[in-house]
Amino acid sequence: MILGVKDLGRSPGTMRTLEEHVPAPKDFGVALIGVREGSDMELDLRLEAVHEGILVTGTASVEVTGECGRCLDPIAYDLDVDVQELFYYGDADLGQASEEEEGQQYRIEHDCIDLEPVLRDAVVTSLPFQPVCREDCKGLCPECGMRLE
């Protein structure tokens, strides 16, 4: 999701809000759980010009779907994740940042920012490592495959 930020210029304190529904991109999840491609993603973001670049803060709301890691029953719930990232101007001096740290910095390119990697990081890191339909799910019998309930 590419956004133009030319209107914010290089004037610290200038800001605008973005309230938008966009389709979720591909690969917003892990093996058992994630956000279905094309499903509605609600963004409520603030873009603010600061000395180093553009600060993006706010929330992204998505519908998570998947299956329980124990019994394989379907799981679906809404998830709100906080988003906060600084996009640096292309000519910004990153000081003593190592090459590895510089590679992890997001940049403003051609007066545009790409929100997709930031949103992907925020959503995927908020997903459970071992999704379960409920905490006391007993799962399936390892021998016959029947539910243990």
# chains A, B, ... in the order shown; residues from 1 in each chain; ligands from 1
>>> residues_around(residues="Thr17 (chain A)", least_positions_apart="6", cutoff="10 Å", atoms="only C-alpha atoms", output="PyMOL selection string")
chain A and resi 43-48+56-58
>>> select_by_dssp(residues="region 7-147 of chain A", states="helix (DSSP H, G or I)", output="PyMOL selection string")
chain A and resi 7-8+99-103+116-126
>>> write_last_selection(atoms="N, CA, C and O atoms", output="short mmCIF file (atom, residue, chain, number, x, y, z; two decimals), in the first residue's frame")
data_model
loop_
_atom_site.label_atom_id
_atom_site.label_comp_id
_atom_site.auth_asym_id
_atom_site.auth_seq_id
_atom_site.Cartn_x
_atom_site.Cartn_y
_atom_site.Cartn_z
N ASP A 7 2.45 16.20 0.26
CA ASP A 7 1.70 17.28 0.90
C ASP A 7 2.21 17.60 2.31
O ASP A 7 2.01 18.70 2.80
N LEU A 8 2.89 16.64 2.94
CA LEU A 8 3.43 16.88 4.28
C LEU A 8 4.75 17.64 4.23
O LEU A 8 5.18 18.24 5.21
N GLU A 99 25.19 -1.03 9.28
CA GLU A 99 24.56 -1.41 8.02
C GLU A 99 23.30 -2.22 8.26
O GLU A 99 22.31 -2.07 7.56
N GLU A 100 23.34 -3.10 9.26
CA GLU A 100 22.17 -3.92 9.58
C GLU A 100 21.00 -3.04 10.04
O GLU A 100 19.87 -3.22 9.62
N GLU A 101 21.30 -2.08 10.91
CA GLU A 101 20.26 -1.18 11.40
C GLU A 101 19.71 -0.32 10.27
O GLU A 101 18.52 -0.06 10.19
N GLU A 102 20.60 0.14 9.37
CA GLU A 102 20.14 0.95 8.24
C GLU A 102 19.23 0.15 7.34
O GLU A 102 18.27 0.68 6.80
N GLY A 103 19.49 -1.13 7.17
CA GLY A 103 18.65 -1.99 6.34
C GLY A 103 17.26 -2.18 6.92
O GLY A 103 16.32 -2.51 6.21
N GLU A 116 2.78 -1.40 3.50
CA GLU A 116 2.56 -2.84 3.57
C GLU A 116 3.54 -3.57 4.49
O GLU A 116 3.11 -4.35 5.35
N PRO A 117 4.87 -3.37 4.40
CA PRO A 117 5.77 -4.09 5.30
C PRO A 117 5.55 -3.73 6.77
O PRO A 117 5.66 -4.59 7.65
N VAL A 118 5.22 -2.48 7.06
CA VAL A 118 4.98 -2.05 8.43
C VAL A 118 3.72 -2.73 8.97
O VAL A 118 3.71 -3.25 10.09
N LEU A 119 2.66 -2.74 8.17
CA LEU A 119 1.41 -3.38 8.58
C LEU A 119 1.60 -4.89 8.74
O LEU A 119 1.11 -5.49 9.68
N ARG A 120 2.34 -5.49 7.82
CA ARG A 120 2.61 -6.94 7.90
C ARG A 120 3.34 -7.27 9.20
O ARG A 120 2.96 -8.19 9.93
N ASP A 121 4.38 -6.50 9.52
CA ASP A 121 5.13 -6.74 10.77
C ASP A 121 4.23 -6.61 11.99
O ASP A 121 4.29 -7.42 12.91
N ALA A 122 3.39 -5.56 12.01
CA ALA A 122 2.52 -5.33 13.16
C ALA A 122 1.50 -6.46 13.33
O ALA A 122 1.29 -6.95 14.43
N VAL A 123 0.89 -6.89 12.24
CA VAL A 123 -0.15 -7.92 12.32
C VAL A 123 0.45 -9.29 12.61
O VAL A 123 0.03 -9.98 13.54
N VAL A 124 1.44 -9.70 11.85
CA VAL A 124 1.99 -11.05 12.00
C VAL A 124 2.62 -11.26 13.37
O VAL A 124 2.45 -12.32 13.98
N THR A 125 3.30 -10.25 13.91
CA THR A 125 3.89 -10.42 15.24
C THR A 125 2.85 -10.44 16.35
O THR A 125 3.14 -10.85 17.47
N SER A 126 1.62 -10.01 16.05
CA SER A 126 0.54 -10.04 17.04
C SER A 126 -0.23 -11.36 17.03
O SER A 126 -1.06 -11.60 17.91
#
>>> closest_residue(among="A:Ala24, A:Leu72, A:Leu55, A:Cys141", to="Gln84 (chain A)", atoms="only C-alpha atoms")
A:Leu55
>>> residues_around(residues="region 35-38 of chain A", least_positions_apart="3", cutoff="6 Å", atoms="only C-alpha atoms", output="PDB file with all heavy atoms, in the first residue's frame")
ATOM      1  N   PRO A  23      -8.113  -3.586   1.032  1.00  0.00           N
ATOM      2  CA  PRO A  23      -8.037  -5.055   1.028  1.00  0.00           C
ATOM      3  C   PRO A  23      -6.693  -5.522   1.579  1.00  0.00           C
ATOM      4  O   PRO A  23      -5.660  -4.919   1.311  1.00  0.00           O
ATOM      5  CB  PRO A  23      -8.197  -5.415  -0.450  1.00  0.00           C
ATOM      6  CG  PRO A  23      -7.817  -4.183  -1.206  1.00  0.00           C
ATOM      7  CD  PRO A  23      -8.096  -3.012  -0.306  1.00  0.00           C
ATOM      8  N   ALA A  24      -6.737  -6.582   2.354  1.00  0.00           N
ATOM      9  CA  ALA A  24      -5.500  -7.136   2.927  1.00  0.00           C
ATOM     10  C   ALA A  24      -4.654  -7.750   1.815  1.00  0.00           C
ATOM     11  O   ALA A  24      -5.174  -8.465   0.956  1.00  0.00           O
ATOM     12  CB  ALA A  24      -5.835  -8.190   3.975  1.00  0.00           C
ATOM     13  N   PRO A  25      -3.355  -7.485   1.835  1.00  0.00           N
ATOM     14  CA  PRO A  25      -2.464  -8.088   0.840  1.00  0.00           C
ATOM     15  C   PRO A  25      -2.250  -9.580   1.106  1.00  0.00           C
ATOM     16  O   PRO A  25      -2.672 -10.116   2.129  1.00  0.00           O
ATOM     17  CB  PRO A  25      -1.153  -7.331   1.010  1.00  0.00           C
ATOM     18  CG  PRO A  25      -1.388  -6.268   1.997  1.00  0.00           C
ATOM     19  CD  PRO A  25      -2.673  -6.541   2.682  1.00  0.00           C
ATOM     20  N   LYS A  26      -1.555 -10.200   0.211  1.00  0.00           N
ATOM     21  CA  LYS A  26      -1.224 -11.620   0.309  1.00  0.00           C
ATOM     22  C   LYS A  26      -0.218 -11.858   1.436  1.00  0.00           C
ATOM     23  O   LYS A  26       0.579 -10.981   1.759  1.00  0.00           O
ATOM     24  CB  LYS A  26      -0.614 -12.049  -1.035  1.00  0.00           C
ATOM     25  CG  LYS A  26      -0.340 -13.506  -1.180  1.00  0.00           C
ATOM     26  CD  LYS A  26       0.192 -13.763  -2.585  1.00  0.00           C
ATOM     27  CE  LYS A  26       0.503 -15.223  -2.753  1.00  0.00           C
ATOM     28  NZ  LYS A  26       1.041 -15.516  -4.073  1.00  0.00           N
ATOM     29  N   PHE A  28      -0.435 -12.334   4.844  1.00  0.00           N
ATOM     30  CA  PHE A  28      -0.537 -11.627   6.120  1.00  0.00           C
ATOM     31  C   PHE A  28      -0.815 -12.645   7.205  1.00  0.00           C
ATOM     32  O   PHE A  28      -1.880 -12.646   7.815  1.00  0.00           O
ATOM     33  CB  PHE A  28      -1.679 -10.596   6.066  1.00  0.00           C
ATOM     34  CG  PHE A  28      -1.225  -9.168   6.032  1.00  0.00           C
ATOM     35  CD1 PHE A  28      -0.303  -8.747   5.099  1.00  0.00           C
ATOM     36  CD2 PHE A  28      -1.725  -8.242   6.921  1.00  0.00           C
ATOM     37  CE1 PHE A  28       0.112  -7.431   5.049  1.00  0.00           C
ATOM     38  CE2 PHE A  28      -1.321  -6.917   6.881  1.00  0.00           C
ATOM     39  CZ  PHE A  28      -0.392  -6.514   5.939  1.00  0.00           C
ATOM     40  N   GLY A  29       0.110 -13.547   7.452  1.00  0.00           N
ATOM     41  CA  GLY A  29      -0.112 -14.554   8.476  1.00  0.00           C
ATOM     42  C   GLY A  29       0.975 -15.602   8.477  1.00  0.00           C
ATOM     43  O   GLY A  29       2.022 -15.455   7.847  1.00  0.00           O
ATOM     44  N   VAL A  64      -9.008 -12.028  11.711  1.00  0.00           N
ATOM     45  CA  VAL A  64      -8.065 -13.140  11.691  1.00  0.00           C
ATOM     46  C   VAL A  64      -8.856 -14.446  11.539  1.00  0.00           C
ATOM     47  O   VAL A  64      -9.868 -14.643  12.211  1.00  0.00           O
ATOM     48  CB  VAL A  64      -7.238 -13.161  12.997  1.00  0.00           C
ATOM     49  CG1 VAL A  64      -6.337 -14.377  13.059  1.00  0.00           C
ATOM     50  CG2 VAL A  64      -6.423 -11.890  13.118  1.00  0.00           C
TER      51      VAL A  64
END
>>> closest_residue(among="A:Arg107, A:Arg10, A:Arg70, A:Arg147", to="Leu86 (chain A)", atoms="only C-alpha atoms")
A:Arg107
>>> select_by_dssp(residues="chain A", states="strand (DSSP E or B)", output="ChimeraX atom specification")
/A:2-4,15-23,28-29,33-35,40-49,53-67,74-88,106-107,109,112-114,140,147
>>> residues_around(residues="Ile2 (chain A)", least_positions_apart="4", cutoff="7 Å", atoms="only C-alpha atoms", output="list in words")
Cys112, Ile113, Asp114 and Leu115 of chain A
>>> closest_residue(among="A:Leu140, A:Glu85, A:Gly34, A:Lys6", to="Thr65 (chain A)", atoms="only C-alpha atoms")
A:Gly34
>>> residues_around(residues="Asp136 (chain A)", least_positions_apart="6", cutoff="12 Å", atoms="only C-alpha atoms", output="ChimeraX atom specification")
/A:68,70-71,148-149
>>> closest_residue(among="A:Val132, A:Tyr106, A:Val22, A:Tyr89", to="Val50 (chain A)", atoms="only C-alpha atoms")
A:Tyr89
>>> atom_distance(atom1="CA of Leu32 (chain A)", atom2="CA of Met1 (chain A)")
24.6 Å
>>> decode(residues="region 9-37 of chain A", atoms="N, CA and C atoms", output="mmCIF file, in the first residue's frame")
data_model
loop_
_atom_site.group_PDB
_atom_site.id
_atom_site.type_symbol
_atom_site.label_atom_id
_atom_site.label_comp_id
_atom_site.auth_asym_id
_atom_site.auth_seq_id
_atom_site.Cartn_x
_atom_site.Cartn_y
_atom_site.Cartn_z
ATOM 1 N N GLY A 9 5.388 17.581 3.054
ATOM 2 C CA GLY A 9 6.635 18.308 2.851
ATOM 3 C C GLY A 9 7.669 18.002 3.918
ATOM 4 N N ARG A 10 8.513 18.942 4.150
ATOM 5 C CA ARG A 10 9.526 18.820 5.207
ATOM 6 C C ARG A 10 9.252 19.858 6.275
ATOM 7 N N SER A 11 8.002 19.949 6.643
ATOM 8 C CA SER A 11 7.572 20.934 7.634
ATOM 9 C C SER A 11 7.170 20.216 8.910
ATOM 10 N N PRO A 12 8.098 20.065 9.869
ATOM 11 C CA PRO A 12 7.770 19.379 11.114
ATOM 12 C C PRO A 12 6.500 19.951 11.752
ATOM 13 N N GLY A 13 5.641 19.058 12.184
ATOM 14 C CA GLY A 13 4.380 19.453 12.790
ATOM 15 C C GLY A 13 3.201 19.330 11.843
ATOM 16 N N THR A 14 3.472 19.304 10.546
ATOM 17 C CA THR A 14 2.403 19.119 9.567
ATOM 18 C C THR A 14 1.912 17.684 9.688
ATOM 19 N N MET A 15 0.594 17.505 9.663
ATOM 20 C CA MET A 15 0.078 16.146 9.782
ATOM 21 C C MET A 15 -1.220 15.985 9.028
ATOM 22 N N ARG A 16 -1.566 14.737 8.786
ATOM 23 C CA ARG A 16 -2.870 14.400 8.225
ATOM 24 C C ARG A 16 -3.271 13.035 8.747
ATOM 25 N N THR A 17 -4.559 12.785 8.731
ATOM 26 C CA THR A 17 -5.062 11.489 9.184
ATOM 27 C C THR A 17 -5.492 10.674 7.979
ATOM 28 N N LEU A 18 -5.491 9.379 8.170
ATOM 29 C CA LEU A 18 -5.912 8.449 7.129
ATOM 30 C C LEU A 18 -6.858 7.449 7.781
ATOM 31 N N GLU A 19 -8.106 7.503 7.386
ATOM 32 C CA GLU A 19 -9.094 6.538 7.841
ATOM 33 C C GLU A 19 -9.623 5.878 6.588
ATOM 34 N N GLU A 20 -9.246 4.615 6.412
ATOM 35 C CA GLU A 20 -9.546 3.967 5.148
ATOM 36 C C GLU A 20 -9.721 2.468 5.330
ATOM 37 N N HIS A 21 -10.553 1.887 4.477
ATOM 38 C CA HIS A 21 -10.703 0.435 4.400
ATOM 39 C C HIS A 21 -9.968 -0.007 3.137
ATOM 40 N N VAL A 22 -9.041 -0.928 3.301
ATOM 41 C CA VAL A 22 -8.268 -1.422 2.166
ATOM 42 C C VAL A 22 -8.282 -2.950 2.185
ATOM 43 N N PRO A 23 -8.113 -3.586 1.032
ATOM 44 C CA PRO A 23 -8.037 -5.055 1.028
ATOM 45 C C PRO A 23 -6.693 -5.522 1.579
ATOM 46 N N ALA A 24 -6.737 -6.582 2.354
ATOM 47 C CA ALA A 24 -5.500 -7.136 2.927
ATOM 48 C C ALA A 24 -4.654 -7.750 1.815
ATOM 49 N N PRO A 25 -3.355 -7.485 1.835
ATOM 50 C CA PRO A 25 -2.464 -8.088 0.840
ATOM 51 C C PRO A 25 -2.250 -9.580 1.106
ATOM 52 N N LYS A 26 -1.555 -10.200 0.211
ATOM 53 C CA LYS A 26 -1.224 -11.620 0.309
ATOM 54 C C LYS A 26 -0.218 -11.858 1.436
ATOM 55 N N ASP A 27 -0.268 -13.050 2.032
ATOM 56 C CA ASP A 27 0.711 -13.493 3.037
ATOM 57 C C ASP A 27 0.734 -12.651 4.319
ATOM 58 N N PHE A 28 -0.435 -12.334 4.844
ATOM 59 C CA PHE A 28 -0.537 -11.627 6.120
ATOM 60 C C PHE A 28 -0.815 -12.645 7.205
ATOM 61 N N GLY A 29 0.110 -13.547 7.452
ATOM 62 C CA GLY A 29 -0.112 -14.554 8.476
ATOM 63 C C GLY A 29 0.975 -15.602 8.477
ATOM 64 N N VAL A 30 0.690 -16.673 9.218
ATOM 65 C CA VAL A 30 1.597 -17.810 9.326
ATOM 66 C C VAL A 30 0.825 -19.070 8.923
ATOM 67 N N ALA A 31 1.411 -20.241 9.107
ATOM 68 C CA ALA A 31 0.818 -21.484 8.614
ATOM 69 C C ALA A 31 -0.626 -21.716 9.064
ATOM 70 N N LEU A 32 -0.904 -21.599 10.348
ATOM 71 C CA LEU A 32 -2.230 -21.950 10.859
ATOM 72 C C LEU A 32 -3.200 -20.783 10.976
ATOM 73 N N ILE A 33 -2.699 -19.551 10.953
ATOM 74 C CA ILE A 33 -3.589 -18.422 11.226
ATOM 75 C C ILE A 33 -3.085 -17.170 10.515
ATOM 76 N N GLY A 34 -4.033 -16.328 10.090
ATOM 77 C CA GLY A 34 -3.646 -15.097 9.424
ATOM 78 C C GLY A 34 -4.849 -14.322 8.944
ATOM 79 N N VAL A 35 -4.572 -13.317 8.122
ATOM 80 C CA VAL A 35 -5.613 -12.479 7.541
ATOM 81 C C VAL A 35 -5.792 -12.923 6.098
ATOM 82 N N ARG A 36 -7.025 -13.248 5.746
ATOM 83 C CA ARG A 36 -7.314 -13.737 4.395
ATOM 84 C C ARG A 36 -7.065 -12.629 3.367
ATOM 85 N N GLU A 37 -6.386 -12.962 2.291
ATOM 86 C CA GLU A 37 -6.089 -12.005 1.233
ATOM 87 C C GLU A 37 -7.385 -11.400 0.696
#
